[in-house]
$ cat entry.pdb   # PDB, C-alpha atoms, pLDDT in the B column
ATOM      1  CA  MET E 469      10.541   2.927 -61.267  1.00 57.00           C
ATOM      2  CA  LYS E 470       9.319   5.077 -58.518  1.00 64.00           C
ATOM      3  CA  SER E 471      11.209   4.938 -55.218  1.00 60.00           C
ATOM      4  CA  THR E 472       9.320   5.799 -52.034  1.00 69.00           C
ATOM      5  CA  LYS E 473      10.959   6.726 -48.802  1.00 71.00           C
ATOM      6  CA  LYS E 474       9.232   5.623 -45.655  1.00 79.00           C
ATOM      7  CA  ALA E 475       9.625   8.210 -42.937  1.00 80.00           C
ATOM      8  CA  PHE E 476       7.573  10.163 -40.429  1.00 80.00           C
ATOM      9  CA  THR E 477       6.270  13.566 -41.381  1.00 88.00           C
ATOM     10  CA  MET E 478       6.904  16.601 -39.199  1.00 89.00           C
ATOM     11  CA  ILE E 479       3.226  16.686 -38.161  1.00 91.00           C
ATOM     12  CA  GLU E 480       3.362  13.094 -36.952  1.00 89.00           C
ATOM     13  CA  LEU E 481       6.494  13.778 -34.898  1.00 91.00           C
ATOM     14  CA  VAL E 482       4.994  16.902 -33.323  1.00 93.00           C
ATOM     15  CA  PHE E 483       1.825  14.965 -32.482  1.00 93.00           C
ATOM     16  CA  VAL E 484       3.816  12.208 -30.754  1.00 93.00           C
ATOM     17  CA  ILE E 485       5.825  14.772 -28.748  1.00 95.00           C
ATOM     18  CA  VAL E 486       2.617  16.518 -27.612  1.00 94.00           C
ATOM     19  CA  VAL E 487       1.056  13.215 -26.518  1.00 94.00           C
ATOM     20  CA  LEU E 488       4.206  12.257 -24.580  1.00 93.00           C
ATOM     21  CA  GLY E 489       4.232  15.685 -22.928  1.00 93.00           C
ATOM     22  CA  ILE E 490       0.643  15.288 -21.789  1.00 92.00           C
ATOM     23  CA  LEU E 491       1.346  11.832 -20.389  1.00 89.00           C
ATOM     24  CA  ALA E 492       4.411  13.132 -18.529  1.00 87.00           C
ATOM     25  CA  ALA E 493       2.436  16.059 -17.081  1.00 88.00           C
ATOM     26  CA  VAL E 494      -0.145  13.625 -15.691  1.00 87.00           C
ATOM     27  CA  ALA E 495       2.331  11.003 -14.433  1.00 82.00           C
ATOM     28  CA  VAL E 496       4.900  13.141 -12.570  1.00 81.00           C
ATOM     29  CA  PRO E 497       2.528  14.511  -9.883  1.00 79.00           C
ATOM     30  CA  ARG E 498       1.129  11.033  -9.331  1.00 78.00           C
ATOM     31  CA  LEU E 499       4.627   9.648  -8.754  1.00 75.00           C
ATOM     32  CA  ALA E 500       5.315  12.270  -6.065  1.00 73.00           C
ATOM     33  CA  ALA E 501       2.075  11.375  -4.284  1.00 75.00           C
ATOM     34  CA  THR E 502       2.915   7.692  -4.551  1.00 83.00           C
ATOM     35  CA  ARG E 503       6.207   8.266  -2.721  1.00 83.00           C
ATOM     36  CA  THR E 504       4.448   9.959   0.202  1.00 85.00           C
ATOM     37  CA  ASP E 505       1.808   7.219   0.277  1.00 88.00           C
ATOM     38  CA  ALA E 506       4.575   4.604   0.425  1.00 90.00           C
ATOM     39  CA  GLN E 507       6.240   6.419   3.341  1.00 91.00           C
ATOM     40  CA  VAL E 508       2.938   6.581   5.224  1.00 91.00           C
ATOM     41  CA  THR E 509       2.355   2.879   4.611  1.00 92.00           C
ATOM     42  CA  LYS E 510       5.888   2.080   5.795  1.00 93.00           C
ATOM     43  CA  ALA E 511       5.349   4.128   8.959  1.00 93.00           C
ATOM     44  CA  ARG E 512       2.053   2.394   9.694  1.00 94.00           C
ATOM     45  CA  ALA E 513       3.681  -1.013   9.250  1.00 94.00           C
ATOM     46  CA  ASP E 514       6.603   0.017  11.474  1.00 95.00           C
ATOM     47  CA  ILE E 515       4.256   1.292  14.200  1.00 94.00           C
ATOM     48  CA  ALA E 516       2.233  -1.935  14.101  1.00 94.00           C
ATOM     49  CA  THR E 517       5.446  -3.982  14.280  1.00 95.00           C
ATOM     50  CA  ILE E 518       6.782  -1.936  17.200  1.00 95.00           C
ATOM     51  CA  ARG E 519       3.535  -2.259  19.132  1.00 95.00           C
ATOM     52  CA  SER E 520       3.416  -5.977  18.382  1.00 95.00           C
ATOM     53  CA  GLY E 521       7.023  -6.338  19.553  1.00 95.00           C
ATOM     54  CA  ILE E 522       6.199  -4.586  22.834  1.00 96.00           C
ATOM     55  CA  ILE E 523       3.283  -6.967  23.435  1.00 95.00           C
ATOM     56  CA  ASN E 524       5.366  -9.992  22.420  1.00 95.00           C
ATOM     57  CA  GLU E 525       8.119  -8.979  24.857  1.00 94.00           C
ATOM     58  CA  ARG E 526       5.491  -8.454  27.579  1.00 95.00           C
ATOM     59  CA  GLN E 527       4.106 -11.950  27.018  1.00 95.00           C
ATOM     60  CA  GLY E 528       7.588 -13.425  27.331  1.00 93.00           C
ATOM     61  CA  ARG E 529       8.115 -11.524  30.585  1.00 93.00           C
ATOM     62  CA  LEU E 530       4.806 -12.792  31.974  1.00 94.00           C
ATOM     63  CA  PHE E 531       5.882 -16.389  31.284  1.00 94.00           C
ATOM     64  CA  ARG E 532       9.075 -15.688  33.242  1.00 94.00           C
ATOM     65  CA  GLY E 533       7.052 -14.251  36.141  1.00 94.00           C
ATOM     66  CA  GLN E 534       7.812 -10.577  35.493  1.00 93.00           C
ATOM     67  CA  SER E 535       4.764  -8.322  35.268  1.00 91.00           C
ATOM     68  CA  ASN E 536       6.477  -5.175  33.984  1.00 93.00           C
ATOM     69  CA  PHE E 537       6.872  -3.953  30.423  1.00 94.00           C
ATOM     70  CA  ILE E 538      10.316  -3.619  28.842  1.00 93.00           C
ATOM     71  CA  ALA E 539      12.075  -0.460  30.086  1.00 92.00           C
ATOM     72  CA  THR E 540      13.693   0.564  26.807  1.00 90.00           C
ATOM     73  CA  LEU E 541      13.110  -0.397  23.186  1.00 92.00           C
ATOM     74  CA  ASP E 542      16.806  -0.245  22.235  1.00 88.00           C
ATOM     75  CA  ALA E 543      19.788  -2.359  23.225  1.00 74.00           C
ATOM     76  CA  ASN E 544      22.333   0.480  22.774  1.00 70.00           C
ATOM     77  CA  ASN E 545      23.743  -0.977  19.567  1.00 71.00           C
ATOM     78  CA  GLY E 546      22.977   1.902  17.215  1.00 73.00           C
ATOM     79  CA  GLN E 547      19.813   0.291  15.862  1.00 87.00           C
ATOM     80  CA  LEU E 548      16.328   1.476  16.775  1.00 93.00           C
ATOM     81  CA  PHE E 549      13.902  -0.918  18.479  1.00 93.00           C
ATOM     82  CA  SER E 550      16.519  -3.680  18.673  1.00 91.00           C
ATOM     83  CA  SER E 551      15.174  -4.986  21.987  1.00 91.00           C
ATOM     84  CA  ILE E 552      11.798  -5.879  20.496  1.00 93.00           C
ATOM     85  CA  MET E 553      12.419  -6.481  16.777  1.00 91.00           C
ATOM     86  CA  THR E 554      14.315  -9.236  15.014  1.00 90.00           C
ATOM     87  CA  TYR E 555      15.420  -6.782  12.338  1.00 91.00           C
ATOM     88  CA  PRO E 556      15.928  -3.359  13.947  1.00 92.00           C
ATOM     89  CA  ILE E 557      15.407  -0.102  12.086  1.00 92.00           C
ATOM     90  CA  THR E 558      18.402   1.973  11.008  1.00 90.00           C
ATOM     91  CA  ALA E 559      18.032   5.615  12.011  1.00 90.00           C
ATOM     92  CA  GLY E 560      17.908   8.374   9.406  1.00 90.00           C
ATOM     93  CA  THR E 561      17.125  12.064   9.162  1.00 89.00           C
ATOM     94  CA  THR E 562      15.319  12.270   5.814  1.00 92.00           C
ATOM     95  CA  ASP E 563      11.641  11.739   5.023  1.00 90.00           C
ATOM     96  CA  GLY E 564      10.485   8.177   5.612  1.00 91.00           C
ATOM     97  CA  HIS E 565      13.002   7.444   8.379  1.00 93.00           C
ATOM     98  CA  TRP E 566      12.979   7.045  12.151  1.00 94.00           C
ATOM     99  CA  SER E 567      15.277   8.800  14.604  1.00 92.00           C
ATOM    100  CA  GLN E 568      15.605   8.843  18.370  1.00 91.00           C
ATOM    101  CA  SER E 569      15.570  12.120  20.317  1.00 89.00           C
ATOM    102  CA  ALA E 570      15.521  10.780  23.903  1.00 89.00           C
ATOM    103  CA  ALA E 571      15.642   7.439  25.697  1.00 89.00           C
ATOM    104  CA  THR E 572      11.973   6.696  25.033  1.00 91.00           C
ATOM    105  CA  THR E 573      11.149   9.319  22.385  1.00 92.00           C
ATOM    106  CA  TYR E 574      11.283   8.589  18.673  1.00 93.00           C
ATOM    107  CA  ASN E 575      10.556  10.665  15.583  1.00 92.00           C
ATOM    108  CA  PHE E 576       9.260   9.614  12.202  1.00 92.00           C
ATOM    109  CA  ARG E 577       9.957  12.233   9.532  1.00 92.00           C
ATOM    110  CA  ILE E 578       7.376  12.704   6.802  1.00 89.00           C
ATOM    111  CA  LEU E 579       6.369  15.685   4.659  1.00 85.00           C
ATOM    112  CA  GLY E 580       9.398  17.571   6.009  1.00 87.00           C
ATOM    113  CA  ALA E 581       8.316  17.392   9.659  1.00 88.00           C
ATOM    114  CA  ASN E 582       9.099  15.141  12.606  1.00 89.00           C
ATOM    115  CA  ASN E 583       6.229  13.268  14.231  1.00 91.00           C
ATOM    116  CA  ARG E 584       7.055  12.400  17.831  1.00 91.00           C
ATOM    117  CA  PHE E 585       6.226   9.032  19.342  1.00 93.00           C
ATOM    118  CA  ASP E 586       6.660   8.328  23.050  1.00 93.00           C
ATOM    119  CA  TYR E 587       7.067   4.928  24.662  1.00 95.00           C
ATOM    120  CA  ASN E 588       5.560   4.652  28.128  1.00 95.00           C
ATOM    121  CA  ALA E 589       7.228   1.772  29.995  1.00 94.00           C
ATOM    122  CA  ALA E 590       4.578   1.825  32.734  1.00 94.00           C
ATOM    123  CA  THR E 591       1.701   1.084  30.353  1.00 94.00           C
ATOM    124  CA  GLY E 592       3.556  -0.373  27.355  1.00 94.00           C
ATOM    125  CA  THR E 593       2.061   2.172  24.968  1.00 94.00           C
ATOM    126  CA  PHE E 594       3.813   3.586  21.908  1.00 94.00           C
ATOM    127  CA  ASP E 595       1.778   6.577  20.848  1.00 92.00           C
ATOM    128  CA  CYS E 596       2.070   9.612  18.648  1.00 90.00           C
ATOM    129  CA  VAL E 597       2.153  12.897  20.549  1.00 86.00           C
ATOM    130  CA  THR E 598      -0.558  14.826  18.754  1.00 73.00           C
ATOM    131  CA  ALA E 599       0.557  18.327  19.784  1.00 68.00           C
ATOM    132  CA  SER E 600       3.970  17.924  18.169  1.00 61.00           C
ATOM    133  CA  ALA E 601       3.013  15.705  15.251  1.00 64.00           C
ATOM    134  CA  PRO E 602       1.495  17.376  12.196  1.00 71.00           C
ATOM    135  CA  SER E 603       0.842  14.038  10.462  1.00 81.00           C
ATOM    136  CA  CYS E 604      -0.099  12.027  13.528  1.00 82.00           C
ATOM    137  CA  GLY E 605      -3.575  11.270  12.249  1.00 83.00           C
ATOM    138  CA  ILE E 606      -2.493   9.769   8.943  1.00 84.00           C
ATOM    139  CA  LEU E 607       0.197   7.643  10.625  1.00 83.00           C
ATOM    140  CA  THR E 608      -1.949   6.058  13.322  1.00 81.00           C
ATOM    141  CA  ASP E 609      -5.498   5.933  11.895  1.00 73.00           C
TER
END
$ encode --input "entry.pdb" --output "structure tokens"
Amino acid sequence: MKSTKKAFTMIELVFVIVVLGILAAVAVPRLAATRTDAQVTKARADIATIRSGIINERQGRLFRGQSNFIATLDANNGQLFSSIMTYPITAGTTDGHWSQSAATTYNFRILGANNRFDYNAATGTFDCVTASAPSCGILTD
């Protein structure tokens, strides 16, 4: 009787390794881009939520007979935007996080750079300061 061993040949193994290498070379750069895209999407959602919170607070003030916008977006509890959001944002210093640099100035860090946003209590606007924000266009467009 003839016994046959069932195993992979060296050529088959090399071929599989080459195919996996090609797939990895294509996938890794796409994963890095996906992370940045997710951070941009998060920032856009945060900005929309902040602006909506400012308007919501303004509407509540108008019902109470006050015509001014909220003076500050924080309630001094260590959380960002706690005066206008149900779930405030925790500050951070790495990409994809918000930080506060002054009473009404906030930074969103992306692509290794801070993008400054200023809150104007007189007009109720929360805008990116273009001169200091390298990624301002992709965050607010």
$ resolve_selection --input "entry.pdb" --expression "the PyMOL selection byres ((chain E and resi 498-507) around 9)" --output "ChimeraX atom specification"
/E:494-497,508-512,563-565,578-579
$ atom_distance --input "entry.pdb" --atom1 "atom CA of Tyr587 of chain E" --atom2 "atom CA of Tyr574 of chain E"
8.2 Å
$ residues_near_point --input "entry.pdb" --point "(6.5, 16.8, 18.9)" --cutoff "12 Å" --atoms "only C-alpha atoms" --output "list of chain:residue names"
E:Ser569, E:Ala570, E:Thr573, E:Tyr574, E:Asn575, E:Phe576, E:Arg577, E:Ala581, E:Asn582, E:Asn583, E:Arg584, E:Phe585, E:Asp586, E:Asp595, E:Cys596, E:Val597, E:Thr598, E:Ala599, E:Ser600, E:Ala601, E:Pro602, E:Ser603, E:Cys604
$ closest_residue --input "entry.pdb" --among "E:Leu488, E:Ala571, E:Lys474, E:Trp566" --to "Ala539 of chain E" --atoms "only C-alpha atoms"
E:Ala571
$ atom_distance --input "entry.pdb" --atom1 "atom CA of Asp609 of chain E" --atom2 "atom CA of Asp514 of chain E"
13.5 Å
$ closest_residue --input "entry.pdb" --among "E:Ala475, E:Ile606, E:Ala589, E:Ile552" --to "Ser535 of chain E" --atoms "only C-alpha atoms"
E:Ala589
$ atom_distance --input "entry.pdb" --atom1 "atom CA of Thr517 of chain E" --atom2 "atom CA of Gly533 of chain E"
24.2 Å
$ resolve_selection --input "entry.pdb" --expression "the PyMOL selection byres ((chain E and resi 521) around 10)" --output "list in words"
Ile515, Ala516, Thr517, Ile518, Arg519, Ser520, Ile522, Ile523, Asn524, Glu525, Arg526, Gln527, Leu541, Phe549, Ser550, Ser551, Ile552, Met553 and Thr554 of chain E
$ write_last_selection --input "entry.pdb" --atoms "C-alpha atoms" --output "PDB file, in the coordinates of the input"
ATOM      1  CA  ILE E 515       4.256   1.292  14.200  1.00 94.00           C
ATOM      2  CA  ALA E 516       2.233  -1.935  14.101  1.00 94.00           C
ATOM      3  CA  THR E 517       5.446  -3.982  14.280  1.00 95.00           C
ATOM      4  CA  ILE E 518       6.782  -1.936  17.200  1.00 95.00           C
ATOM      5  CA  ARG E 519       3.535  -2.259  19.132  1.00 95.00           C
ATOM      6  CA  SER E 520       3.416  -5.977  18.382  1.00 95.00           C
ATOM      7  CA  ILE E 522       6.199  -4.586  22.834  1.00 96.00           C
ATOM      8  CA  ILE E 523       3.283  -6.967  23.435  1.00 95.00           C
ATOM      9  CA  ASN E 524       5.366  -9.992  22.420  1.00 95.00           C
ATOM     10  CA  GLU E 525       8.119  -8.979  24.857  1.00 94.00           C
ATOM     11  CA  ARG E 526       5.491  -8.454  27.579  1.00 95.00           C
ATOM     12  CA  GLN E 527       4.106 -11.950  27.018  1.00 95.00           C
ATOM     13  CA  LEU E 541      13.110  -0.397  23.186  1.00 92.00           C
ATOM     14  CA  PHE E 549      13.902  -0.918  18.479  1.00 93.00           C
ATOM     15  CA  SER E 550      16.519  -3.680  18.673  1.00 91.00           C
ATOM     16  CA  SER E 551      15.174  -4.986  21.987  1.00 91.00           C
ATOM     17  CA  ILE E 552      11.798  -5.879  20.496  1.00 93.00           C
ATOM     18  CA  MET E 553      12.419  -6.481  16.777  1.00 91.00           C
ATOM     19  CA  THR E 554      14.315  -9.236  15.014  1.00 90.00           C
TER      20      THR E 554
END
$ axis_aligned_box --input "entry.pdb" --around "segment 538-544 of chain E" --padding-each-side "8 Å" --output "lines of an AutoDock Vina configuration file"
center_x = 16.3
center_y = -1.5
center_z = 26.2
size_x = 28.0
size_y = 20.2
size_z = 23.9
$ closest_residue --input "entry.pdb" --among "E:Met478, E:Val484, E:Ala492, E:Leu548" --to "Ser567 of chain E" --atoms "all atoms listed in the file"
E:Leu548
